[in-house]
$ cat structure_8.cif   # mmCIF, C-alpha atoms
data_start
loop_
_atom_site.label_atom_id
_atom_site.label_comp_id
_atom_site.auth_asym_id
_atom_site.auth_seq_id
_atom_site.Cartn_x
_atom_site.Cartn_y
_atom_site.Cartn_z
CA MET A 127 35.37 155.88 72.52
CA ASN A 128 34.68 152.24 73.21
CA GLN A 129 34.35 151.12 76.75
CA LEU A 130 37.70 149.48 77.83
CA PRO A 131 37.52 146.20 79.73
CA VAL A 132 38.29 146.50 83.37
CA PHE A 133 40.66 143.89 84.84
CA SER A 134 41.57 143.01 88.30
CA VAL A 135 45.29 143.50 88.97
CA SER A 136 45.82 139.74 89.06
CA ASP A 137 44.00 139.25 85.77
CA PHE A 138 45.99 142.06 84.20
CA VAL A 139 49.26 140.48 85.34
CA ALA A 140 48.12 137.09 83.98
CA ILE A 141 47.13 138.59 80.61
CA ILE A 142 50.42 140.49 80.27
CA ASN A 143 52.31 137.25 81.02
CA GLN A 144 50.28 135.51 78.29
CA VAL A 145 51.12 138.30 75.84
CA ILE A 146 54.81 138.06 76.74
CA GLU A 147 54.75 134.30 76.40
CA MET A 148 53.23 134.55 72.91
CA GLY A 149 55.47 137.38 71.75
CA GLN A 150 58.83 136.79 73.40
CA PRO A 151 58.83 133.65 75.56
CA VAL A 152 62.61 133.48 75.67
CA THR A 153 64.95 136.33 74.97
CA CYS A 154 68.66 136.96 74.73
CA ILE A 155 69.89 140.27 76.12
CA LYS A 156 73.33 141.73 76.55
CA GLY A 157 74.07 144.46 79.07
CA GLU A 158 76.10 145.65 82.01
CA VAL A 159 75.49 144.24 85.49
CA SER A 160 74.57 146.59 88.32
CA ASN A 161 73.18 146.17 91.84
CA PHE A 162 74.39 142.56 91.88
CA LYS A 163 73.24 140.70 94.99
CA ILE A 164 73.19 137.11 96.24
CA SER A 165 70.58 136.25 98.82
CA LYS A 166 70.79 133.27 101.17
CA ASN A 167 73.69 131.90 99.10
CA ARG A 168 71.15 130.80 96.54
CA TRP A 169 69.19 133.58 94.84
CA VAL A 170 70.80 136.01 92.45
CA TYR A 171 69.45 139.50 91.70
CA PHE A 172 70.89 142.18 89.48
CA ASP A 173 69.96 144.85 87.00
CA LEU A 174 70.98 144.61 83.39
CA LYS A 175 71.49 148.06 81.93
CA ASP A 176 72.76 150.06 78.99
CA GLU A 177 73.08 153.83 78.51
CA THR A 178 69.36 154.52 78.83
CA SER A 179 67.52 151.46 80.17
CA LYS A 180 67.67 148.79 82.81
CA VAL A 181 65.75 145.58 83.62
CA ARG A 182 65.65 143.50 86.76
CA CYS A 183 67.02 139.93 86.49
CA PHE A 184 66.54 136.97 88.76
CA GLY A 185 68.29 133.60 88.88
CA THR A 186 70.15 131.12 91.08
CA THR A 187 73.79 130.81 92.02
CA MET A 188 73.91 127.50 90.12
CA GLN A 189 73.46 129.48 86.90
CA LEU A 190 76.50 131.66 87.50
CA PRO A 191 79.29 130.51 85.20
CA MET A 192 81.80 132.49 87.17
CA PRO A 193 81.72 135.10 89.92
CA ILE A 194 79.90 138.22 88.74
CA GLU A 195 80.18 141.76 90.01
CA ASP A 196 78.88 145.20 89.06
CA GLY A 197 80.26 146.62 85.85
CA MET A 198 80.64 143.27 84.10
CA LEU A 199 79.21 142.76 80.65
CA VAL A 200 76.99 139.68 80.37
CA GLN A 201 74.71 138.07 77.85
CA ILE A 202 71.72 136.29 79.33
CA ILE A 203 69.07 133.97 77.99
CA ALA A 204 65.93 134.57 80.05
CA GLN A 205 62.16 134.39 80.22
CA PRO A 206 60.53 137.81 80.59
CA TYR A 207 57.93 137.71 83.34
CA LEU A 208 55.68 140.11 85.17
CA HIS A 209 55.75 139.18 88.83
CA HIS A 210 52.49 139.77 90.67
CA GLN A 211 54.30 141.63 93.47
CA TYR A 212 57.76 142.63 92.32
CA GLY A 213 56.95 143.78 88.80
CA PHE A 214 58.78 143.07 85.56
CA THR A 215 61.74 140.72 85.76
CA LEU A 216 63.85 138.48 83.54
CA ASN A 217 64.01 134.92 84.87
CA ILE A 218 67.48 133.76 83.91
CA ILE A 219 67.97 130.52 82.00
CA SER A 220 71.68 130.96 81.37
CA ILE A 221 74.36 133.62 81.68
CA GLU A 222 77.46 134.10 79.62
CA LEU A 223 80.08 136.68 80.32
CA SER A 224 80.92 138.98 77.49
CA GLY A 225 84.00 140.97 76.54
CA GLU A 226 87.59 140.24 77.38
CA GLY A 227 87.78 142.64 80.32
CA THR A 228 84.76 141.11 82.02
CA LEU A 229 85.92 137.58 81.37
CA ASN A 230 89.43 138.20 82.63
CA ARG A 231 88.06 139.81 85.80
CA ALA A 232 85.58 136.96 86.37
CA ILE A 233 88.22 134.31 85.75
CA LYS A 234 90.55 136.06 88.23
CA LEU A 235 87.83 136.12 90.87
CA LEU A 236 86.97 132.45 90.30
CA GLU A 237 90.61 131.47 90.24
CA ALA A 238 91.19 133.11 93.61
CA LYS A 239 88.13 131.39 95.05
CA LEU A 240 89.04 127.92 93.76
CA GLU A 241 92.70 128.40 94.66
CA LYS A 242 91.59 129.00 98.23
CA GLU A 243 89.60 125.77 98.13
CA GLY A 244 92.72 123.91 96.98
CA LEU A 245 91.40 122.80 93.60
CA PHE A 246 94.67 123.65 91.86
CA ASN A 247 97.02 122.14 94.44
CA GLU A 248 99.93 120.30 92.92
CA ALA A 249 99.51 117.57 95.52
CA ARG A 250 96.17 116.64 93.93
CA LYS A 251 97.71 115.96 90.53
CA ARG A 252 97.85 112.34 89.43
CA LEU A 253 100.02 110.69 86.81
CA LEU A 254 98.35 109.42 83.67
CA PRO A 255 98.95 105.78 82.66
CA TYR A 256 101.61 105.91 79.95
CA PRO A 257 100.49 104.87 77.44
CA PRO A 258 96.81 104.38 78.23
CA THR A 259 94.79 101.63 76.54
CA LYS A 260 91.31 103.11 76.86
CA ILE A 261 90.57 106.84 76.91
CA ALA A 262 87.59 109.17 76.81
CA LEU A 263 87.87 112.17 74.52
CA ILE A 264 85.59 115.14 75.21
CA ALA A 265 85.64 117.40 72.16
CA SER A 266 83.60 118.62 69.26
CA LYS A 267 83.87 116.02 66.50
CA GLU A 268 83.75 118.73 63.87
CA SER A 269 86.57 120.75 65.38
CA ALA A 270 90.12 121.05 64.11
CA ALA A 271 91.23 120.21 67.66
CA TYR A 272 89.57 116.78 67.43
CA LYS A 273 91.12 116.11 64.03
CA ASP A 274 94.58 117.24 65.20
CA PHE A 275 94.41 115.09 68.31
CA ILE A 276 93.32 111.97 66.41
CA LYS A 277 95.89 112.55 63.66
CA VAL A 278 98.79 112.90 66.09
CA ILE A 279 97.75 110.01 68.35
CA ASN A 280 97.29 107.70 65.35
CA ALA A 281 100.71 108.64 64.05
CA ARG A 282 102.37 108.02 67.42
CA TRP A 283 100.75 104.94 68.92
CA GLY A 284 98.29 102.10 68.25
CA GLY A 285 95.97 99.76 70.11
CA ILE A 286 94.08 102.43 72.06
CA GLU A 287 90.30 102.44 72.37
CA ILE A 288 89.15 106.05 72.06
CA PHE A 289 85.60 106.80 73.15
CA VAL A 290 84.53 110.18 71.79
CA PHE A 291 81.99 112.29 73.66
CA ASP A 292 80.88 114.86 71.11
CA VAL A 293 80.03 118.10 72.95
CA HIS A 294 79.53 121.78 72.32
CA VAL A 295 82.81 123.50 73.15
CA GLN A 296 81.53 127.06 73.06
CA GLY A 297 78.26 128.87 73.63
CA SER A 298 75.63 128.48 76.29
CA LYS A 299 75.28 124.70 75.88
CA ALA A 300 78.96 123.98 76.27
CA PRO A 301 79.32 123.99 80.08
CA ASN A 302 76.38 121.68 80.60
CA ASP A 303 77.53 119.31 77.83
CA ILE A 304 81.04 119.08 79.24
CA VAL A 305 79.89 118.58 82.84
CA LYS A 306 77.42 115.90 81.74
CA ALA A 307 80.08 114.09 79.72
CA LEU A 308 82.48 114.13 82.69
CA GLU A 309 79.76 112.84 85.01
CA THR A 310 78.75 110.06 82.59
CA ILE A 311 82.35 108.99 82.09
CA ASN A 312 83.04 108.86 85.82
CA THR A 313 79.79 107.07 86.61
CA ASP A 314 79.28 104.62 83.75
CA PHE A 315 82.75 103.88 82.38
CA ASP A 316 86.19 102.88 83.45
CA PHE A 317 88.80 104.72 81.40
CA ASP A 318 92.54 105.14 81.93
CA ALA A 319 92.30 108.87 81.23
CA ILE A 320 89.97 111.63 80.07
CA VAL A 321 91.13 114.14 77.47
CA VAL A 322 89.23 117.42 77.19
CA THR A 323 90.23 119.55 74.26
CA ARG A 324 89.30 122.32 71.87
CA GLY A 325 91.19 124.63 69.57
CA GLY A 326 92.03 128.27 69.99
CA GLY A 327 89.57 131.13 70.03
CA SER A 328 88.71 134.40 71.67
CA ALA A 329 88.28 134.73 75.42
CA ASP A 330 84.52 134.55 74.79
CA ASP A 331 84.87 131.32 72.81
CA LEU A 332 86.94 129.63 75.50
CA GLN A 333 84.92 130.74 78.52
CA ALA A 334 83.15 127.37 78.97
CA PHE A 335 86.49 125.97 80.12
CA SER A 336 86.67 128.49 82.95
CA ASN A 337 83.06 127.92 83.93
CA GLU A 338 82.87 127.07 87.63
CA ALA A 339 80.82 123.87 87.14
CA VAL A 340 83.22 122.64 84.44
CA VAL A 341 86.29 123.41 86.52
CA ARG A 342 84.81 121.64 89.54
CA ALA A 343 83.84 118.62 87.42
CA VAL A 344 87.40 118.37 86.09
CA ALA A 345 88.89 118.74 89.57
CA SER A 346 86.61 116.08 91.07
CA SER A 347 86.98 113.58 88.24
CA ARG A 348 87.65 110.03 89.47
CA THR A 349 89.49 109.32 86.23
CA PRO A 350 92.75 111.26 85.66
CA THR A 351 92.33 114.21 83.31
CA LEU A 352 94.37 115.86 80.59
CA VAL A 353 93.02 119.23 79.40
CA ALA A 354 94.26 121.11 76.35
CA ILE A 355 92.41 124.28 75.46
CA GLY A 356 93.41 126.59 72.63
CA HIS A 357 96.99 127.48 71.91
CA GLU A 358 100.03 127.86 74.13
CA ILE A 359 99.07 131.40 75.15
CA ASP A 360 95.43 130.60 75.94
CA PHE A 361 94.50 129.98 79.52
CA SER A 362 91.57 128.27 81.20
CA LEU A 363 90.82 127.25 84.76
CA ALA A 364 89.90 123.71 83.63
CA GLU A 365 93.54 123.29 82.59
CA ARG A 366 94.70 124.42 86.03
CA ALA A 367 92.34 121.93 87.68
CA ALA A 368 93.38 119.04 85.42
CA ASP A 369 95.94 116.44 86.41
CA VAL A 370 97.94 117.29 83.30
CA ARG A 371 97.78 120.36 81.09
CA ALA A 372 98.76 120.30 77.44
CA SER A 373 99.39 123.44 75.42
CA THR A 374 97.49 122.33 72.30
CA PRO A 375 95.37 119.35 71.17
CA SER A 376 98.39 117.93 69.33
CA ASN A 377 100.50 118.37 72.44
CA ALA A 378 97.82 116.46 74.39
CA ALA A 379 98.33 113.47 72.10
CA GLU A 380 102.10 113.82 72.46
CA LEU A 381 101.88 113.83 76.26
CA LEU A 382 99.42 110.95 76.31
CA VAL A 383 101.37 108.39 74.27
CA PRO A 384 104.99 107.78 73.32
CA ASP A 385 106.19 107.87 69.74
CA LYS A 386 106.27 104.30 68.43
CA ASN A 387 109.41 104.84 66.35
CA ALA A 388 111.30 106.28 69.30
CA GLU A 389 110.05 103.40 71.46
CA LEU A 390 111.22 100.82 68.93
CA ARG A 391 114.64 102.48 68.95
CA THR A 392 114.70 102.39 72.75
CA ILE A 393 113.69 98.72 72.80
CA LYS A 394 116.37 97.94 70.23
CA ARG A 395 118.97 99.75 72.35
CA ALA A 396 117.84 97.82 75.42
CA GLY A 397 118.20 94.55 73.48
CA VAL A 398 121.71 95.50 72.34
CA GLN A 399 122.67 96.53 75.89
CA LEU A 400 121.28 93.29 77.26
CA LYS A 401 123.27 91.22 74.76
CA LYS A 402 126.41 93.20 75.56
CA ASN A 403 125.86 92.62 79.28
CA MET A 404 125.41 88.91 78.69
CA ILE A 405 128.46 88.67 76.42
CA ASP A 406 130.55 90.60 78.99
CA LEU A 407 129.29 88.26 81.66
CA ILE A 408 130.09 85.15 79.64
CA THR A 409 133.52 86.54 78.73
CA ALA A 410 134.24 87.27 82.41
CA GLU A 411 133.02 83.82 83.39
CA THR A 412 135.12 82.17 80.66
CA SER A 413 138.19 84.10 81.86
CA ARG A 414 137.48 83.00 85.40
CA LEU A 415 137.19 79.38 84.30
CA ASP A 416 140.43 79.71 82.26
CA ARG A 417 142.16 81.03 85.36
CA CYS A 418 140.77 78.14 87.39
CA SER A 419 142.01 75.70 84.76
CA GLU A 420 145.49 77.25 84.80
CA ASP A 421 145.57 77.14 88.59
CA LEU A 422 144.50 73.52 88.48
CA SER A 423 147.19 72.66 85.97
CA VAL A 424 149.90 74.30 88.12
CA LEU A 425 148.62 72.45 91.18
CA ALA A 426 148.63 69.13 89.33
CA LYS A 427 152.16 69.75 88.05
CA ASN A 428 153.42 70.58 91.54
CA TRP A 429 151.73 67.52 92.91
CA CYS A 430 153.35 65.30 90.25
CA ASN A 431 156.78 66.77 90.98
CA ARG A 432 156.35 66.16 94.66
CA LEU A 433 155.22 62.60 93.98
CA ARG A 434 158.22 62.04 91.73
CA GLU A 435 160.56 63.27 94.48
CA VAL A 436 159.00 60.89 97.00
CA ILE A 437 159.29 57.97 94.58
CA GLU A 438 162.91 58.80 93.83
CA GLN A 439 163.71 58.93 97.55
CA LYS A 440 162.11 55.52 97.98
CA ILE A 441 164.05 54.13 94.99
CA THR A 442 167.32 55.41 96.50
CA LEU A 443 166.39 53.81 99.80
CA LEU A 444 165.49 50.55 98.10
CA ASP A 445 168.69 50.64 96.12
CA SER A 446 170.68 50.90 99.31
CA PHE A 447 169.17 47.57 100.37
CA ASN A 448 170.17 45.81 97.10
CA PRO A 449 172.89 43.09 97.85
CA THR A 450 174.55 43.77 94.48
CA THR A 451 175.24 47.29 95.62
CA VAL A 452 176.97 45.86 98.72
CA LEU A 453 179.04 43.47 96.57
CA ARG A 454 180.08 46.43 94.40
CA ARG A 455 181.58 48.03 97.48
CA GLY A 456 183.90 44.97 97.95
CA TYR A 457 181.86 42.84 100.31
CA ALA A 458 181.16 39.11 99.68
CA MET A 459 178.17 36.90 100.38
CA VAL A 460 178.78 33.41 101.90
CA SER A 461 176.38 30.46 101.56
CA LYS A 462 176.44 26.73 102.22
CA ASN A 463 174.28 24.44 100.14
CA GLY A 464 172.25 27.45 98.96
CA GLN A 465 171.59 28.62 102.56
CA SER A 466 172.91 31.94 103.81
CA ILE A 467 175.30 31.63 106.73
CA THR A 468 173.68 33.23 109.76
CA GLY A 469 175.45 31.44 112.62
CA ARG A 470 178.70 29.66 113.67
CA THR A 471 176.96 26.34 114.32
CA GLN A 472 176.19 25.88 110.60
CA LEU A 473 179.92 25.73 109.81
CA GLU A 474 182.28 22.85 110.26
CA ILE A 475 185.97 22.46 109.33
CA GLY A 476 186.12 21.02 105.81
CA ASP A 477 182.72 22.34 104.70
CA THR A 478 182.52 23.70 101.18
CA LEU A 479 181.14 27.22 101.01
CA LYS A 480 180.10 29.42 98.14
CA VAL A 481 181.57 32.98 98.25
CA THR A 482 179.80 35.38 95.93
CA LEU A 483 181.77 38.45 94.83
CA GLN A 484 180.65 41.23 92.45
CA HIS A 485 181.73 39.38 89.34
CA TRP A 486 182.88 35.97 90.61
CA ASP A 487 181.61 32.98 92.56
CA LEU A 488 184.22 31.10 94.59
CA ARG A 489 184.04 27.64 96.13
CA VAL A 490 186.16 27.47 99.25
CA LYS A 491 186.80 24.96 102.04
CA ILE A 492 186.96 25.82 105.74
CA SER A 493 190.36 24.98 107.11
CA GLU A 494 190.10 26.78 110.45
CA LYS A 495 187.52 28.57 112.67
CA VAL A 496 188.83 31.42 114.82
CA LYS A 497 186.60 33.47 117.03
CA ARG A 498 187.30 37.19 116.82
CA LYS A 499 187.96 38.89 120.10
CA MET B 25 104.16 83.88 82.55
CA ALA B 26 101.00 85.01 84.32
CA ASN B 27 97.77 85.16 82.32
CA THR B 28 97.05 88.77 83.20
CA LYS B 29 98.49 90.99 80.52
CA LYS B 30 100.97 93.51 81.84
CA SER B 31 100.80 97.15 80.80
CA TYR B 32 103.48 98.68 78.60
CA GLN B 33 104.61 100.77 81.56
CA ASP B 34 104.96 97.70 83.81
CA LEU B 35 106.91 95.81 81.15
CA GLN B 36 109.22 98.79 80.64
CA ALA B 37 109.85 99.03 84.39
CA GLU B 38 110.59 95.31 84.53
CA LEU B 39 113.05 95.55 81.64
CA ASP B 40 114.76 98.56 83.24
CA SER B 41 115.14 96.69 86.50
CA ILE B 42 116.80 93.75 84.71
CA LEU B 43 119.18 96.10 82.87
CA ASP B 44 119.98 97.80 86.20
CA TRP B 45 120.61 94.40 87.74
CA PHE B 46 123.16 93.61 85.06
CA ALA B 47 124.74 97.05 85.35
CA GLN B 48 124.96 97.14 89.14
CA SER B 49 125.51 93.57 90.33
CA THR B 50 129.14 92.93 91.12
CA ASP B 51 128.99 89.23 91.95
CA ILE B 52 126.71 87.80 89.28
CA ASN B 53 125.44 84.27 89.43
CA ILE B 54 125.55 82.92 85.88
CA ASP B 55 122.37 80.81 86.29
CA GLU B 56 120.45 83.83 87.58
CA ALA B 57 121.89 85.97 84.79
CA LEU B 58 120.78 83.47 82.14
CA ALA B 59 117.27 83.32 83.65
CA LYS B 60 117.07 87.12 83.68
CA TYR B 61 118.41 87.34 80.14
CA GLU B 62 115.74 84.93 78.94
CA LYS B 63 113.02 86.87 80.77
CA ALA B 64 114.28 90.18 79.32
CA GLY B 65 114.11 88.65 75.85
CA LYS B 66 110.44 87.79 76.38
CA ILE B 67 109.71 91.29 77.73
CA ILE B 68 111.37 92.89 74.71
CA ALA B 69 109.25 90.74 72.39
CA GLU B 70 106.08 91.75 74.25
CA LEU B 71 107.03 95.44 74.23
CA ARG B 72 107.72 95.27 70.52
CA ALA B 73 104.35 93.59 69.94
CA GLN B 74 102.58 96.32 71.88
CA VAL B 75 104.38 99.11 70.01
CA GLU B 76 103.62 97.58 66.64
CA LYS B 77 99.89 97.24 67.31
CA ALA B 78 98.17 98.39 64.19
CA GLU B 79 95.40 100.92 64.81
CA ASN B 80 93.46 102.85 67.39
CA LYS B 81 89.73 102.15 67.60
CA ILE B 82 87.42 105.16 67.76
CA LYS B 83 83.91 104.84 69.07
CA GLU B 84 81.40 107.63 69.55
CA ILE B 85 79.28 107.75 72.70
CA LYS B 86 76.01 109.68 72.74
CA ILE B 87 74.99 111.29 76.00
#
$ encode --input "structure_8.cif" --output "structure tokens"
Amino acid sequence: MNQLPVFSVSDFVAIINQVIEMGQPVTCIKGEVSNFKISKNRWVYFDLKDETSKVRCFGTTMQLPMPIEDGMLVQIIAQPYLHHQYGFTLNIISIELSGEGTLNRAIKLLEAKLEKEGLFNEARKRLLPYPPTKIALIASKESAAYKDFIKVINARWGGIEIFVFDVHVQGSKAPNDIVKALETINTDFDFDAIVVTRGGGSADDLQAFSNEAVVRAVASSRTPTLVAIGHEIDFSLAERAADVRASTPSNAAELLVPDKNAELRTIKRAGVQLKKNMIDLITAETSRLDRCSEDLSVLAKNWCNRLREVIEQKITLLDSFNPTTVLRRGYAMVSKNGQSITGRTQLEIGDTLKVTLQHWDLRVKISEKVKRK
Amino acid sequence: MANTKKSYQDLQAELDSILDWFAQSTDINIDEALAKYEKAGKIIAELRAQVEKAENKIKEIKI
């Protein structure tokens, strides 16, 4: 038997780590969580086990997609490593929850935690500009959800600038992609709204949208958000944190913009209503002016009648002063040499006077003057 | 009209307020009504122009 090399413990650990690094630098393992612990709010320790085996795992709280507890089924991507003091461990790169039961439980735990923090409060919800002119769309460009959204929005409305952020919408890369897109949009752009969408799938497929980092990024977005994940029955915490939730990608487009044909009908109705209002107004004004004109005519007529009465009274008065009228009543007018007789001194016995009657002129001589007593 | 382009939502609100004015005012001044009617006509034209805009523009952003 050949002589075996003798290593120091440290050398042995270093060599084993080299062997691991060459053979299995990164590995993906699925198993049940046990002995889950968080230390100093930062470090995460648990065992990953199946029916016969278990391995120790180590990571940070930042890597937890959702709250984890014993009994949950998870799939981790990790680097196997032999620690010089604590032995064999899997250094976690990412964790995904696995199986509907585990996911539902984790989502419930996270929902309760975020609810307590107020992330889902109705008071935080903002209205989206309607319709927007510039939007960010976070989706997978190859997905049916993307195609549905674009198809419906194009059919309903025009003139919108749509900036597409092509991201993974499932799998281990999805949460990071989505968070990064949200951060970039809020830091480097100024959009009216952000739409986050993907189509339906299993609870596993949709879990990125209940990932704690994703939910927090949606809730803290400076730009208003509209999230539509899966179908009507699907549920994600990102939708609860969003300003507006749509049931499907098509519904997201419907909520985001009006239908142009319906709008044109509304505008037409408004135009017709406006014309009717104006015609009613002009008709009312014309009637008012007609009434004014009638009133004016009656006033003028009354005034003319009154004027006529006054003139007639004056004519009657004038008529009463007419000498002919006096002669008609049997009186006579006496003159001498064309002068009216106004006093006794103008008259002498023998003078010839002119006596004017209604129809006759008489020439008479004065034969006597008698003073009336 | 101001140079800054109003949003569809703002124009709609402005049109609604003019229609409300016509519907609710009891003692309408005809000069004011004509001015509002003319303004509403311009708003309707602008709304129609916005609705009939041809296409959406799609641009992909790499991150």
$ resolve_selection --input "structure_8.cif" --expression "the PyMOL selection byres ((chain B) within 6 of (chain A))" --output "list in words"
Val75, Lys77, Ala78, Glu79, Asn80, Lys81, Ile82, Lys83, Glu84 and Ile85 of chain B
$ atom_distance --input "structure_8.cif" --atom1 "atom CA of B:Tyr32" --atom2 "atom CA of B:Ala69"
11.6 Å
$ residues_around --input "structure_8.cif" --residues "B:Ala57" --least-positions-apart "2" --cutoff "10 Å" --atoms "only C-alpha atoms" --output "PyMOL selection string"
(chain A and resi 403-404+407-408) or (chain B and resi 42+45-46+52-55+59-63)
$ residues_around --input "structure_8.cif" --residues "A:Lys273" --least-positions-apart "2" --cutoff "12 Å" --atoms "all atoms listed in the file" --output "PDB file with C-alpha atoms, in the coordinates of the input"
ATOM      1  CA  LEU A 263      87.870 112.170  74.520  1.00  0.00           C
ATOM      2  CA  ALA A 265      85.640 117.400  72.160  1.00  0.00           C
ATOM      3  CA  SER A 266      83.600 118.620  69.260  1.00  0.00           C
ATOM      4  CA  LYS A 267      83.870 116.020  66.500  1.00  0.00           C
ATOM      5  CA  GLU A 268      83.750 118.730  63.870  1.00  0.00           C
ATOM      6  CA  SER A 269      86.570 120.750  65.380  1.00  0.00           C
ATOM      7  CA  ALA A 270      90.120 121.050  64.110  1.00  0.00           C
ATOM      8  CA  ALA A 271      91.230 120.210  67.660  1.00  0.00           C
ATOM      9  CA  PHE A 275      94.410 115.090  68.310  1.00  0.00           C
ATOM     10  CA  ILE A 276      93.320 111.970  66.410  1.00  0.00           C
ATOM     11  CA  LYS A 277      95.890 112.550  63.660  1.00  0.00           C
ATOM     12  CA  VAL A 278      98.790 112.900  66.090  1.00  0.00           C
ATOM     13  CA  ILE A 279      97.750 110.010  68.350  1.00  0.00           C
ATOM     14  CA  ASN A 280      97.290 107.700  65.350  1.00  0.00           C
ATOM     15  CA  VAL A 290      84.530 110.180  71.790  1.00  0.00           C
ATOM     16  CA  THR A 323      90.230 119.550  74.260  1.00  0.00           C
ATOM     17  CA  ARG A 324      89.300 122.320  71.870  1.00  0.00           C
ATOM     18  CA  GLY A 325      91.190 124.630  69.570  1.00  0.00           C
ATOM     19  CA  PRO A 375      95.370 119.350  71.170  1.00  0.00           C
ATOM     20  CA  SER A 376      98.390 117.930  69.330  1.00  0.00           C
ATOM     21  CA  ALA A 379      98.330 113.470  72.100  1.00  0.00           C
TER      22      ALA A 379
END
$ axis_aligned_box --input "structure_8.cif" --around "stretch 30-45 of chain B" --padding-each-side "8 Å" --output "AutoDock Vina command-line options"
--center_x 110.7 --center_y 97.1 --center_z 83.2 --size_x 35.8 --size_y 23.3 --size_z 25.1
$ closest_residue --input "structure_8.cif" --among "A:Arg432, A:Ser466, A:Val322, A:Ile202" --to "A:Ala372" --atoms "all atoms listed in the file"
A:Val322
$ atom_distance --input "structure_8.cif" --atom1 "atom CA of A:Arg391" --atom2 "atom CA of B:Ala37"
16.5 Å
